[in-house]
There are 2 protein chains.
Amino acid sequence: MAYRNPIPTVDIIIELRNRAESPIILIERQNPPYGWAIPGGFVDYGESVEQAAIREAKEEVSLDVTLQEQFYVYSDPNRDPRKHTLSVVFIATATGNPQAADDAKNLSIFTVDNLPEHLCFDHDKVLQDYRNYRLNGVRPVLQR
Amino acid sequence: MAYRNPIPTVDIIIELRNRAESPIILIERQNPPYGWAIPGGFVDYGESVEQAAIREAKEEVSLDVTLQEQFYVYSDPNRDPRKHTLSVVFIATATGNPQAADDAKNLSIFTVDNLPEHLCFDHDKVLQDYRNYRLNGVRPVLQR
């Protein structure tokens, strides 16, 4: 039996710089768990987390994003109902018109003052952290 | 065949706050690849990266560390000669006398102005980034 480790994923908070208030993109998931989420997916063997973030953004919302920064790593064992995953969350920017594709059934665009709730995974918390960072410059609080 | 992903690890840059210049601890590895490295290890299934960092620090240098921040994620597919790993690097603080144990055969303490080179993995780069952050407040540059 192979030794088990959490599975690494990436999520990408994509700010649309060509629209008023630089809103972000959320996607409706094609596969379980169903619901709305930040675009993202599993990191492939042989690719960096940065490469994975650029690839997943392209696959799910059809945009070439520019990564701005590594935002934070979320790794609570209960964050994903399927199995233990950890997510490296990036902040990225893009212009153009996003189109849902691949694992994304639908997408919608939200300003930072109108972010929805009840997202999949721990994405409510991620978006709260992002909002606090974007509006107040405060980074996520370390969970000890 | 299971789908392959990079394996998540943590590394912990431990600053000894009870010593002049708050030097950091490096360890000599007990297992391949042999050589000196930042303390760290694999993240277990079911533990967060923060829990893994605290556990690995305790196992390898026998100290109870206080995590200060997530520093950066390193995930170049060639960073580890064994297989593709990604590392979430933490900055932590501790007091007391470190003792090498478990996967650490030996340890040594270095001030930030006398950091060694030719470490295992990509730890030369990690320490360069750490030094630049500690001395100049500059975060690692995103690899796009």
# chains A, B, ... in the order shown; residues from 1 in each chain; ligands from 1
$ select_by_dssp --residues "segment 24-63 of chain A" --states "helix (DSSP H, G or I)" --output "tab-separated table (two decimals) with all heavy atoms, in the first residue's frame"
chain	number	residue	atom	x	y	z
A	49	VAL	N	3.04	24.51	-9.28
A	49	VAL	CA	1.72	25.04	-8.92
A	49	VAL	C	1.37	26.25	-9.79
A	49	VAL	O	0.19	26.47	-10.10
A	49	VAL	CB	1.62	25.39	-7.41
A	49	VAL	CG1	1.62	24.11	-6.57
A	49	VAL	CG2	2.71	26.34	-6.94
A	50	GLU	N	2.38	27.01	-10.20
A	50	GLU	CA	2.11	28.15	-11.08
A	50	GLU	C	1.61	27.67	-12.45
A	50	GLU	O	0.65	28.22	-13.00
A	50	GLU	CB	3.38	29.00	-11.25
A	50	GLU	CG	3.75	29.84	-10.02
A	50	GLU	CD	4.45	29.05	-8.92
A	50	GLU	OE1	4.88	27.89	-9.18
A	50	GLU	OE2	4.58	29.57	-7.80
A	51	GLN	N	2.27	26.66	-13.00
A	51	GLN	CA	1.82	26.11	-14.29
A	51	GLN	C	0.41	25.54	-14.17
A	51	GLN	O	-0.42	25.70	-15.07
A	51	GLN	CB	2.79	25.02	-14.76
A	51	GLN	CG	4.16	25.57	-15.16
A	51	GLN	CD	5.21	24.48	-15.33
A	51	GLN	OE1	5.12	23.42	-14.72
A	51	GLN	NE2	6.22	24.76	-16.14
A	52	ALA	N	0.14	24.86	-13.06
A	52	ALA	CA	-1.20	24.28	-12.85
A	52	ALA	C	-2.25	25.38	-12.79
A	52	ALA	O	-3.35	25.24	-13.35
A	52	ALA	CB	-1.22	23.46	-11.56
A	53	ALA	N	-1.94	26.49	-12.13
A	53	ALA	CA	-2.91	27.58	-12.00
A	53	ALA	C	-3.23	28.19	-13.36
A	53	ALA	O	-4.40	28.44	-13.68
A	53	ALA	CB	-2.36	28.65	-11.04
A	54	ILE	N	-2.20	28.40	-14.17
A	54	ILE	CA	-2.42	28.97	-15.51
A	54	ILE	C	-3.23	28.00	-16.38
A	54	ILE	O	-4.16	28.38	-17.08
A	54	ILE	CB	-1.06	29.32	-16.16
A	54	ILE	CG1	-0.43	30.50	-15.41
A	54	ILE	CG2	-1.22	29.61	-17.65
A	54	ILE	CD1	1.02	30.76	-15.77
A	55	ARG	N	-2.89	26.71	-16.30
A	55	ARG	CA	-3.60	25.69	-17.08
A	55	ARG	C	-5.06	25.59	-16.67
A	55	ARG	O	-5.97	25.56	-17.52
A	55	ARG	CB	-2.90	24.34	-16.91
A	55	ARG	CG	-3.62	23.19	-17.61
A	55	ARG	CD	-2.94	21.84	-17.38
A	55	ARG	NE	-2.76	21.48	-15.99
A	55	ARG	CZ	-3.74	21.10	-15.17
A	55	ARG	NH1	-5.00	21.02	-15.60
A	55	ARG	NH2	-3.47	20.80	-13.91
A	56	GLU	N	-5.32	25.51	-15.38
A	56	GLU	CA	-6.70	25.35	-14.91
A	56	GLU	C	-7.55	26.57	-15.24
A	56	GLU	O	-8.73	26.43	-15.58
A	56	GLU	CB	-6.72	25.07	-13.40
A	56	GLU	CG	-6.28	23.66	-13.01
A	56	GLU	CD	-7.35	22.60	-13.34
A	56	GLU	OE1	-8.50	22.97	-13.62
A	56	GLU	OE2	-7.00	21.40	-13.30
A	57	ALA	N	-6.98	27.75	-15.14
A	57	ALA	CA	-7.74	28.96	-15.50
A	57	ALA	C	-8.13	28.90	-16.97
A	57	ALA	O	-9.28	29.19	-17.35
A	57	ALA	CB	-6.93	30.22	-15.20
A	58	LYS	N	-7.18	28.50	-17.80
A	58	LYS	CA	-7.46	28.40	-19.24
A	58	LYS	C	-8.55	27.35	-19.52
A	58	LYS	O	-9.47	27.58	-20.31
A	58	LYS	CB	-6.17	28.03	-19.98
A	58	LYS	CG	-6.29	27.94	-21.48
A	58	LYS	CD	-6.35	29.31	-22.13
A	58	LYS	CE	-6.30	29.21	-23.65
A	58	LYS	NZ	-6.34	30.54	-24.27
A	59	GLU	N	-8.43	26.20	-18.86
A	59	GLU	CA	-9.40	25.12	-19.09
A	59	GLU	C	-10.81	25.50	-18.65
A	59	GLU	O	-11.78	25.19	-19.33
A	59	GLU	CB	-8.96	23.84	-18.35
A	59	GLU	CG	-7.76	23.15	-18.97
A	59	GLU	CD	-7.30	21.94	-18.17
A	59	GLU	OE1	-7.99	21.55	-17.20
A	59	GLU	OE2	-6.25	21.38	-18.53
A	60	GLU	N	-10.92	26.13	-17.50
A	60	GLU	CA	-12.25	26.33	-16.91
A	60	GLU	C	-12.93	27.62	-17.33
A	60	GLU	O	-14.16	27.67	-17.40
A	60	GLU	CB	-12.17	26.25	-15.38
A	60	GLU	CG	-11.76	24.86	-14.91
A	60	GLU	CD	-12.11	24.58	-13.47
A	60	GLU	OE1	-12.24	25.54	-12.69
A	60	GLU	OE2	-12.25	23.39	-13.11
A	61	VAL	N	-12.17	28.67	-17.57
A	61	VAL	CA	-12.83	29.94	-17.93
A	61	VAL	C	-12.28	30.53	-19.23
A	61	VAL	O	-12.63	31.65	-19.60
A	61	VAL	CB	-12.76	30.98	-16.78
A	61	VAL	CG1	-13.35	30.39	-15.50
A	61	VAL	CG2	-11.35	31.47	-16.53
$ residues_around --residues "Ser87 of chain B" --least-positions-apart "2" --cutoff "12 Å" --atoms "only C-alpha atoms" --output "PyMOL selection string"
(chain A and resi 8+48-49+73+86+88) or (chain B and resi 6-12+38-43+49+52-53+70-77+79-80+84-85+89-90+121-123+126)
$ residues_around --residues "segment 101-110 of chain A" --least-positions-apart "4" --cutoff "7 Å" --atoms "only C-alpha atoms" --output "list in words"
Pro23, Ile24, Ile25, Leu26, Ile27, Glu28, Arg29, Gln30, Asn31, Glu59, Glu60, Val61, Ser62, Asn114 and Leu115 of chain A
$ write_last_selection --atoms "C-alpha atoms" --output "PDB file, in the first residue's frame"
ATOM      1  CA  PRO A  23     -14.695  41.758 -10.361  1.00  0.00           C
ATOM      2  CA  ILE A  24     -13.744  38.078  -9.944  1.00  0.00           C
ATOM      3  CA  ILE A  25     -14.960  34.931 -11.659  1.00  0.00           C
ATOM      4  CA  LEU A  26     -16.684  32.018  -9.943  1.00  0.00           C
ATOM      5  CA  ILE A  27     -17.689  28.811 -11.685  1.00  0.00           C
ATOM      6  CA  GLU A  28     -20.492  26.308 -11.272  1.00  0.00           C
ATOM      7  CA  ARG A  29     -18.999  22.848 -10.994  1.00  0.00           C
ATOM      8  CA  GLN A  30     -19.754  20.198 -13.601  1.00  0.00           C
ATOM      9  CA  ASN A  31     -18.762  17.373 -11.241  1.00  0.00           C
ATOM     10  CA  GLU A  59      -9.398  25.118 -19.094  1.00  0.00           C
ATOM     11  CA  GLU A  60     -12.246  26.327 -16.909  1.00  0.00           C
ATOM     12  CA  VAL A  61     -12.825  29.943 -17.933  1.00  0.00           C
ATOM     13  CA  SER A  62     -10.961  30.134 -21.269  1.00  0.00           C
ATOM     14  CA  ASN A 114     -21.174  41.260  -3.662  1.00  0.00           C
ATOM     15  CA  LEU A 115     -19.397  37.963  -3.188  1.00  0.00           C
TER      16      LEU A 115
END
$ closest_residue --among "A:Glu21, A:Glu15, A:Glu69, A:Asp113" --to "chain B" --atoms "only C-alpha atoms"
A:Glu69
$ closest_residue --among "A:Pro32, A:Gln68, A:Ala92, A:Ser22" --to "Val141 of chain B" --atoms "only C-alpha atoms"
A:Gln68
$ closest_residue --among "A:Gln99, A:Thr93, A:Gln143, A:Gln128" --to "Arg19 of chain A" --atoms "only C-alpha atoms"
A:Thr93
$ closest_residue --among "A:Pro140, A:Pro116, A:Pro98, A:Pro33" --to "chain B" --atoms "only C-alpha atoms"
A:Pro140
$ atom_distance --atom1 "atom CA of Lys83 of chain A" --atom2 "atom CA of Ile91 of chain B"
27.7 Å
$ atom_distance --atom1 "atom CA of Ala100 of chain A" --atom2 "atom CA of Leu63 of chain A"
9.7 Å
$ closest_residue --among "A:Ala20, A:Val112, A:Thr66, A:Cys120" --to "chain B" --atoms "only C-alpha atoms"
A:Thr66
$ select_by_dssp --residues "segment 11-137 of chain A" --states "strand (DSSP E)" --output "count of residues only"
43
$ closest_residue --among "A:Arg134, A:Arg82, A:Arg4, A:Lys125" --to "chain B" --atoms "only C-alpha atoms"
A:Arg4
